[in-house]
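Here is the structure we will look at, set down as structure tokens.
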Amino acid sequence: MSQVKAEHLCKDYGGVTALANVTLAVESGERRAIIGPNGAGKTTLFKLIAGEIAPTKGRIHFDGHDITDLPVHTRANLGLSHTFQRNNLFFDLTVLENVRLAVQHHRGIAGQVLKSVSGYSAVNAEAESILARLRLAAQSQQLARNLAYGQQRALEVALALATEPRALLLDEPTAGMSPAETIEMTRFIESLPRSLTMLIVEHDMDVVFSLADRITVLHYGEVIAEGAPGEVRANPLVQEIYLGAPPSVPPRGG
């Protein structure tokens, strides 16, 4: 049984079709990349699976459950977590406070005062462990706003990991990063447990081909290719699109 499954997803914005009849199935532990030119529908598909927007048609399943109509926080509670292109941080809190809040929320004690020293210590220890994995321990007492951009993106991943997800959606995890930051983030994603299912939207093809087990290619809101990295790299239509030649697939909208 596929862990993340989208069936015949469509998304229309007025007279514009952003996504047309997209179906995909991602197995447990798989690392799936979603690629395509600007306007291909990648972010729309990502937001549909995450629950940020509702489909015009089609269904979404996670671990065998229909989650099409469930809100973002309910999907997160089921084990489907996400990051987005725009940082979603509490910039006036420290790095540690950001992660600690995420841990408290996941434990169902958000907004509560931790009365016992052991309870406070356990949450702190979990937050500090997550920061150590992302090499942010040295910045734990810095305000989030004072981090370098690459560190802010890493912190957003830390917030997602604090929910102990079974599947993680990463939207442009290396966008805006320097080459050195991109290498660091790629190495970190590679180091995550293989038991964690990942869907990755990414423009950097070096990152995609180094991380993905399988790749789905979108163009004008439709799936035009899917397969292992070597298969996708050798696909003539994919080569045509990424080389900037006139597309063989007729436009369907933005």
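By convention in this document, the chains of the structure tokens carry letters A, B, ... by their order, each chain's residues are numbered from 1, and ligands are numbered from 1 in the order they are shown.
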
Open item on the list: I need the residues of segment 6-242 of chain A that end up classed as alpha helix (DSSP H) by DSSP on the backbone, written out as a PyMOL selection string.
Closed with: chain A and resi 42-50+72-78+95-106+117-133+149-161+179-191+205-211+229-234+236-242

Just-selected residues, C-alpha atoms written as a short mmCIF file (atom, residue, chain, number, x, y, z; two decimals), in the first residue's frame:
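Dumped everything to out.cif:
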data_model
loop_
_atom_site.label_atom_id
_atom_site.label_comp_id
_atom_site.auth_asym_id
_atom_site.auth_seq_id
_atom_site.Cartn_x
_atom_site.Cartn_y
_atom_site.Cartn_z
CA LYS A 42 4.69 21.67 -8.61
CA THR A 43 3.80 24.03 -5.74
CA THR A 44 0.08 23.53 -6.40
CA LEU A 45 0.49 19.76 -6.07
CA PHE A 46 2.57 20.21 -2.93
CA LYS A 47 -0.03 22.48 -1.31
CA LEU A 48 -2.84 20.07 -2.18
CA ILE A 49 -1.04 17.16 -0.50
CA ALA A 50 -0.12 19.33 2.51
CA VAL A 72 -3.16 20.98 7.77
CA HIS A 73 -2.87 20.45 11.54
CA THR A 74 -4.85 17.19 11.40
CA ARG A 75 -2.61 15.89 8.64
CA ALA A 76 0.42 16.84 10.76
CA ASN A 77 -1.03 14.92 13.70
CA LEU A 78 -1.36 11.88 11.42
CA VAL A 95 16.22 29.10 17.86
CA LEU A 96 15.69 26.83 20.86
CA GLU A 97 12.36 28.46 21.75
CA ASN A 98 11.11 27.90 18.18
CA VAL A 99 11.85 24.18 18.29
CA ARG A 100 10.67 23.83 21.89
CA LEU A 101 7.25 25.25 20.92
CA ALA A 102 7.02 22.74 18.07
CA VAL A 103 7.87 19.89 20.45
CA GLN A 104 5.28 21.10 22.99
CA HIS A 105 2.63 21.35 20.28
CA HIS A 106 3.38 17.82 19.10
CA VAL A 117 11.27 20.10 36.14
CA SER A 118 11.39 16.68 34.48
CA GLY A 119 8.74 17.70 31.95
CA TYR A 120 10.59 20.89 31.09
CA SER A 121 13.90 19.02 30.85
CA ALA A 122 12.44 16.38 28.54
CA VAL A 123 11.08 18.97 26.10
CA ASN A 124 14.35 20.89 26.21
CA ALA A 125 16.38 17.75 25.63
CA GLU A 126 14.27 16.79 22.62
CA ALA A 127 14.56 20.28 21.13
CA GLU A 128 18.30 20.37 21.69
CA SER A 129 18.70 16.94 20.09
CA ILE A 130 16.90 18.12 16.95
CA LEU A 131 19.08 21.24 16.78
CA ALA A 132 22.22 19.14 17.12
CA ARG A 133 21.16 16.98 14.16
CA TYR A 149 19.22 32.43 5.45
CA GLY A 150 20.47 28.87 5.12
CA GLN A 151 20.26 28.43 8.89
CA GLN A 152 16.69 29.75 8.87
CA ARG A 153 15.75 27.12 6.29
CA ALA A 154 17.44 24.47 8.43
CA LEU A 155 15.48 25.69 11.44
CA GLU A 156 12.23 25.34 9.52
CA VAL A 157 13.16 21.71 8.80
CA ALA A 158 13.84 21.32 12.52
CA LEU A 159 10.29 22.50 13.30
CA ALA A 160 8.90 19.92 10.87
CA LEU A 161 11.01 17.13 12.41
CA PRO A 179 26.52 26.70 -2.93
CA ALA A 180 28.05 25.83 0.45
CA GLU A 181 24.66 26.01 2.21
CA THR A 182 23.10 23.88 -0.54
CA ILE A 183 25.71 21.17 -0.04
CA GLU A 184 25.16 21.26 3.73
CA MET A 185 21.37 21.01 3.41
CA THR A 186 21.62 18.21 0.85
CA ARG A 187 23.92 16.24 3.14
CA PHE A 188 21.50 16.73 6.01
CA ILE A 189 18.51 15.51 4.00
CA GLU A 190 20.55 12.50 2.89
CA SER A 191 21.29 11.73 6.55
CA MET A 205 18.87 19.28 -10.54
CA ASP A 206 22.10 18.32 -8.77
CA VAL A 207 20.13 18.18 -5.51
CA VAL A 208 17.28 16.26 -7.15
CA PHE A 209 19.46 13.59 -8.74
CA SER A 210 21.49 13.12 -5.57
CA LEU A 211 18.45 12.69 -3.28
CA PRO A 229 16.65 9.35 -11.93
CA GLY A 230 18.49 7.67 -14.81
CA GLU A 231 15.25 7.07 -16.72
CA VAL A 232 14.08 10.65 -16.26
CA ARG A 233 17.47 12.09 -17.19
CA ALA A 234 17.42 10.12 -20.46
CA PRO A 236 13.78 12.96 -24.62
CA LEU A 237 10.74 15.04 -23.64
CA VAL A 238 12.29 15.98 -20.29
CA GLN A 239 15.53 16.91 -22.05
CA GLU A 240 13.58 19.02 -24.53
CA ILE A 241 11.75 20.93 -21.81
CA TYR A 242 14.81 21.59 -19.67
#

Just the residues within 10 Å of segment 24-26 of chain A, please, counting only C-alpha atoms, with nothing from its chain fewer than 6 positions along; format it as an mmCIF file with N, CA, C and O atoms, in the first residue's frame.
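Below is the file part_6.cif, written as the result:
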data_model
loop_
_atom_site.group_PDB
_atom_site.id
_atom_site.type_symbol
_atom_site.label_atom_id
_atom_site.label_comp_id
_atom_site.auth_asym_id
_atom_site.auth_seq_id
_atom_site.Cartn_x
_atom_site.Cartn_y
_atom_site.Cartn_z
ATOM 1 N N MET A 1 0.840 -1.203 0.000
ATOM 2 C CA MET A 1 0.000 0.000 0.000
ATOM 3 C C MET A 1 0.873 1.249 0.000
ATOM 4 O O MET A 1 1.812 1.360 0.785
ATOM 5 N N SER A 2 0.583 2.190 -0.885
ATOM 6 C CA SER A 2 1.334 3.438 -0.955
ATOM 7 C C SER A 2 1.074 4.280 0.284
ATOM 8 O O SER A 2 -0.053 4.324 0.787
ATOM 9 N N GLN A 3 2.106 4.972 0.771
ATOM 10 C CA GLN A 3 1.908 5.807 1.945
ATOM 11 C C GLN A 3 1.238 7.130 1.589
ATOM 12 O O GLN A 3 0.355 7.594 2.301
ATOM 13 N N VAL A 4 1.693 7.756 0.508
ATOM 14 C CA VAL A 4 1.077 8.994 0.028
ATOM 15 C C VAL A 4 0.557 8.733 -1.375
ATOM 16 O O VAL A 4 1.311 8.305 -2.255
ATOM 17 N N LYS A 5 -0.730 8.985 -1.562
ATOM 18 C CA LYS A 5 -1.338 8.690 -2.856
ATOM 19 C C LYS A 5 -2.254 9.822 -3.280
ATOM 20 O O LYS A 5 -3.106 10.275 -2.507
ATOM 21 N N ALA A 6 -2.036 10.306 -4.496
ATOM 22 C CA ALA A 6 -2.910 11.322 -5.090
ATOM 23 C C ALA A 6 -3.602 10.698 -6.295
ATOM 24 O O ALA A 6 -2.957 10.042 -7.117
ATOM 25 N N GLU A 7 -4.914 10.883 -6.370
ATOM 26 C CA GLU A 7 -5.690 10.266 -7.436
ATOM 27 C C GLU A 7 -6.445 11.317 -8.237
ATOM 28 O O GLU A 7 -7.316 12.006 -7.716
ATOM 29 N N HIS A 8 -6.057 11.465 -9.494
ATOM 30 C CA HIS A 8 -6.762 12.317 -10.461
ATOM 31 C C HIS A 8 -6.970 13.741 -9.914
ATOM 32 O O HIS A 8 -8.066 14.296 -10.018
ATOM 33 N N LEU A 9 -5.912 14.316 -9.342
ATOM 34 C CA LEU A 9 -6.027 15.655 -8.766
ATOM 35 C C LEU A 9 -6.119 16.725 -9.857
ATOM 36 O O LEU A 9 -5.340 16.738 -10.818
ATOM 37 N N ARG A 32 10.791 10.945 -3.144
ATOM 38 C CA ARG A 32 10.233 11.306 -4.452
ATOM 39 C C ARG A 32 10.450 12.799 -4.702
ATOM 40 O O ARG A 32 10.052 13.635 -3.890
ATOM 41 N N ILE A 60 -6.912 12.497 -2.023
ATOM 42 C CA ILE A 60 -5.573 12.327 -1.476
ATOM 43 C C ILE A 60 -5.659 11.347 -0.313
ATOM 44 O O ILE A 60 -6.537 11.478 0.553
ATOM 45 N N HIS A 61 -4.746 10.373 -0.282
ATOM 46 C CA HIS A 61 -4.723 9.379 0.786
ATOM 47 C C HIS A 61 -3.356 9.358 1.458
ATOM 48 O O HIS A 61 -2.324 9.550 0.799
ATOM 49 N N PHE A 62 -3.369 9.135 2.770
ATOM 50 C CA PHE A 62 -2.134 8.998 3.532
ATOM 51 C C PHE A 62 -2.283 7.800 4.463
ATOM 52 O O PHE A 62 -3.243 7.738 5.247
ATOM 53 N N ALA A 167 6.046 11.112 7.080
ATOM 54 C CA ALA A 167 6.279 11.614 5.729
ATOM 55 C C ALA A 167 6.535 13.115 5.821
ATOM 56 O O ALA A 167 5.862 13.827 6.571
ATOM 57 N N THR A 197 9.511 8.906 4.750
ATOM 58 C CA THR A 197 9.107 9.172 3.369
ATOM 59 C C THR A 197 9.265 10.661 3.083
ATOM 60 O O THR A 197 8.945 11.497 3.924
ATOM 61 N N MET A 198 9.769 10.998 1.891
ATOM 62 C CA MET A 198 9.952 12.407 1.546
ATOM 63 C C MET A 198 9.434 12.709 0.144
ATOM 64 O O MET A 198 9.666 11.941 -0.785
ATOM 65 N N LEU A 199 8.735 13.834 0.041
ATOM 66 C CA LEU A 199 8.393 14.423 -1.254
ATOM 67 C C LEU A 199 9.111 15.763 -1.321
ATOM 68 O O LEU A 199 8.972 16.594 -0.419
ATOM 69 N N ARG A 214 12.910 8.251 -6.967
ATOM 70 C CA ARG A 214 12.086 8.380 -8.166
ATOM 71 C C ARG A 214 11.752 9.851 -8.362
ATOM 72 O O ARG A 214 11.739 10.630 -7.399
ATOM 73 N N THR A 216 9.036 12.583 -10.429
ATOM 74 C CA THR A 216 7.837 12.875 -11.213
ATOM 75 C C THR A 216 8.023 14.232 -11.870
ATOM 76 O O THR A 216 8.380 15.210 -11.197
ATOM 77 N N VAL A 223 1.426 15.275 -15.557
ATOM 78 C CA VAL A 223 2.602 14.413 -15.422
ATOM 79 C C VAL A 223 3.029 13.986 -16.823
ATOM 80 O O VAL A 223 2.256 13.377 -17.563
ATOM 81 N N GLU A 226 7.821 9.886 -15.362
ATOM 82 C CA GLU A 226 8.029 9.423 -13.988
ATOM 83 C C GLU A 226 8.937 8.202 -14.038
ATOM 84 O O GLU A 226 8.821 7.362 -14.926
#

- [ ] Could you give me the residues within segment 1-243 of chain A that DSSP places in strand (DSSP E), as a ChimeraX atom specification?
- [x] /A:4-13,16-26,31-35,57-62,65-66,80-83,167-171,197-201,214-219,222-227

Task: d(atom CA of Thr174 of chain A, atom CA of Thr68 of chain A) in Å - done: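 Separating atom CA of Thr174 of chain A from atom CA of Thr68 of chain A is a distance of 28.2 Å.
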
Task: Contact residues around Ala33 of chain A with only C-alpha atoms at 6 Å, ignoring same-chain residues under 3 positions, as a list of chain:residue names - done: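 Everything that qualifies: A:Leu199, A:Ile200, A:Val201, A:Ala212, A:Ile215.
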
Open item on the list: Given only C-alpha atoms as the basis, pick out the residue of A:Leu192, A:Leu70, A:Ala18, A:Ala137 nearest to Asn38 of chain A.
Closed with: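 Between A:Leu192, A:Leu70, A:Ala18, A:Ala137, the residue approaching Asn38 of chain A most closely is A:Ala18.
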